[in-house]
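The next block holds one structure in the form of structure tokens; read it before the comments.
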Amino acid sequence: MAALDAKKWRVENLKGQQIEITPNEIGESVSIFGCADTVVQVGKKVTSISIDNCTKVAVVFNGVIAAVEACNSKAIQIQLSAGAAPSFVLDKCNKVTIFVPESERRNSEMQFVTSACSEVLITVLRGADEDPIEIPIPEQFVSTFAAAPSNAMHTVPVAHLGV
């Protein structure tokens with residue numbers, strides 16, 4: 001069950017459920033913790049959404065003001081169905097798929113920040129007659145020393161060349 005605590009919707013320890021949250025006012029946020037095999041739909045724009053320690057959870061939402069954050073989670077799906085989401089922040093997550101509409105792909109301000117994550121895929125949803133575009137987030141990087149006399153490092157994703 002979801003409970004509103006001050007301005008934060010708390011969805012905790014649900015298993016095998018589908019729940020819909022309809023925020024009442026501007027400034028509310030959503031916190032999803034310890035859920036498994038659950039779908040959470042957020043009916044209106046919220047300040048932020050956080051997902052922590054979840055497995056096989058899907059979150060569908062209509063925009064956030066700040067960010068969608070996920071940590072310590074596995075096999076999660078996050079879908080922006082309408083509105084904007086300036087930032088997605090993932091920490092220690094595996095098998096994450098983020099769905100965004102094509103209209104938001106053109107938003108150069110949208111950021112995807114990952115740390116200690118694997119199998120992260122951004123899926124751009126296009127028109128009904130078009131296949132989605134799948135864009136993986138790199139997991140491997142190569143770092144080299146920057147040109148002297150700098151003490152900086154230059155880091156780029158690994159480029160896998162076909163045979």
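To be explicit about the labels: the chains of the structure tokens are called A, B, and onward in the order shown, and within each one the residues are counted from 1, while ligands get numbers from 1 in the order they are shown.
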
Give me, as a list of chain:residue names, all polymer residues having an atom no more than 10 Å from Ala70 of chain A, counting only C-alpha atoms and skipping those fewer than 2 positions away in the same chain.
A:Ser31, A:Ile32, A:Phe33, A:Ile49, A:Ser50, A:Ile51, A:Asp52, A:Asn53, A:Cys54, A:Ala67, A:Val68, A:Asn72, A:Ser73, A:Lys74, A:Ile76, A:Ile78, A:Phe88, A:Val89, A:Leu90, A:Asp91, A:Lys92, A:Cys93, A:Val96, A:Thr114

Name the residues in contact with Ile21 of chain A at a cut-off of 10 Å, using only C-alpha atoms, excluding same-chain residues fewer than 4 positions from it; report them as number ranges by chain.
A: 1-4, 9-11, 30, 40-44, 61

Dump of C-alpha atoms for the selected residues, as a CSV table (one decimal), in the first residue's frame:
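Output below, filename part_14.csv:
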```
chain,number,residue,atom,x,y,z
A,1,MET,CA,0.0,0.0,0.0
A,2,ALA,CA,1.1,3.6,-0.6
A,3,ALA,CA,1.0,6.1,2.2
A,4,LEU,CA,1.4,9.8,2.1
A,9,TRP,CA,4.5,9.0,-1.0
A,10,ARG,CA,6.0,5.8,0.6
A,11,VAL,CA,5.6,2.5,-1.3
A,30,VAL,CA,7.6,9.1,-4.4
A,40,VAL,CA,3.8,1.5,-9.7
A,41,GLN,CA,2.0,4.1,-11.7
A,42,VAL,CA,2.4,7.8,-10.8
A,43,GLY,CA,-0.5,9.7,-12.3
A,44,LYS,CA,0.8,13.3,-12.1
A,61,PHE,CA,5.3,8.2,-14.5
```

Would you work out the distance separating atom CA of Thr38 of chain A from atom CA of Ile65 of chain A, expressed in Å to one decimal?
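Computed distance, atom CA of Thr38 of chain A to atom CA of Ile65 of chain A, equals 23.7 Å.
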
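From atom CA of Val100 of chain A back to atom CA of Pro136 of chain A, the distance works out to 13.4 Å.
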
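Picture a line from atom CA of Leu125 of chain A to atom CA of Asn62 of chain A; it runs 14.7 Å.
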
My list of candidates is A:Val64, A:Val46, A:Ala75, A:Leu14. Which is closest to Val120 of chain A when distances are computed with only C-alpha atoms?
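Result for the nearest residue to Val120 of chain A: A:Ala75.
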
Segment 154-156 of chain A surroundings by only C-alpha atoms, 6 Å radius, close-in-sequence under 2 positions cut, as JSON, numbers by chain:
{"A": [141, 142, 143, 144, 146]}

Among the residues of segment 47-141 of chain A, find those DSSP assigns to strand (DSSP E) from the backbone and print them as number ranges by chain.
A: 49-52, 55-61, 68-71, 74-80, 87-91, 94-101, 111-115, 118-125, 133-136, 141

Quick one: pick out all alpha helix (DSSP H) residues within segment 16-153 of chain A from a backbone DSSP run and write them as JSON, numbers by chain.
{"A": [102, 103, 104, 105]}

Could those selected residues go to a file with N, CA, C and O atoms, as an mmCIF file, in the first residue's frame?
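The resulting result19.cif:
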```cif
data_model
loop_
_atom_site.group_PDB
_atom_site.id
_atom_site.type_symbol
_atom_site.label_atom_id
_atom_site.label_comp_id
_atom_site.auth_asym_id
_atom_site.auth_seq_id
_atom_site.Cartn_x
_atom_site.Cartn_y
_atom_site.Cartn_z
ATOM 1 N N GLU A 102 10.072 9.597 -27.863
ATOM 2 C CA GLU A 102 10.959 10.227 -28.840
ATOM 3 C C GLU A 102 11.023 11.740 -28.651
ATOM 4 O O GLU A 102 12.075 12.346 -28.814
ATOM 5 N N SER A 103 9.928 12.348 -28.266
ATOM 6 C CA SER A 103 9.922 13.805 -28.080
ATOM 7 C C SER A 103 10.931 14.236 -27.021
ATOM 8 O O SER A 103 11.543 15.295 -27.122
ATOM 9 N N GLU A 104 11.157 13.409 -26.003
ATOM 10 C CA GLU A 104 12.119 13.744 -24.955
ATOM 11 C C GLU A 104 13.546 13.415 -25.355
ATOM 12 O O GLU A 104 14.484 13.947 -24.780
ATOM 13 N N ARG A 105 13.730 12.549 -26.324
ATOM 14 C CA ARG A 105 15.082 12.217 -26.781
ATOM 15 C C ARG A 105 15.771 13.462 -27.318
ATOM 16 O O ARG A 105 16.977 13.634 -27.193
#
```

Excluding Gly16 of chain A and any residue of its chain fewer than 2 positions from it, enumerate the residues within 9 Å of it, using only C-alpha atoms, and give them as a list of chain:residue names.
A:Leu14, A:Gln18, A:Cys35, A:Ala36, A:Asp37, A:Thr38, A:Val39

Which residue out of A:Ser29, A:Ala116, A:Pro101, A:Val59 has the minimum interatomic distance to Ala128 of chain A when only C-alpha atoms are used?
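With only C-alpha atoms as the atom set, the closest residue is A:Pro101.
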
Selection near Thr123 of chain A, 6 Å with only C-alpha atoms, sequence-local residues under 4 positions removed, as a list in words:
Phe99, Ile133 and Glu134 of chain A

Residue selection dump (C-alpha atoms) as a short mmCIF file (atom, residue, chain, number, x, y, z; two decimals), in the first residue's frame:
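Result file out.cif:
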```cif
data_model
loop_
_atom_site.label_atom_id
_atom_site.label_comp_id
_atom_site.auth_asym_id
_atom_site.auth_seq_id
_atom_site.Cartn_x
_atom_site.Cartn_y
_atom_site.Cartn_z
CA PHE A 99 11.80 4.06 -21.62
CA ILE A 133 15.43 2.53 -30.61
CA GLU A 134 17.59 0.76 -28.02
#
```

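Using only C-alpha atoms for every distance, the candidate list A:Ile19, A:Leu80, A:Ile26, A:Met110 yields A:Ile26 as the residue closest to Lys7 of chain A.
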
Nearest residue to Pro157 of chain A from the set A:Ser81, A:Ser118, A:Glu139, A:Phe145 (distances using only C-alpha atoms):
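Under the stated criterion, the closest residue is A:Glu139.
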
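Restricting the calculation to only C-alpha atoms, the smallest distance between Val57 of chain A and any of A:Gly127, A:Lys45, A:Thr22, A:Glu12 is found for A:Glu12.
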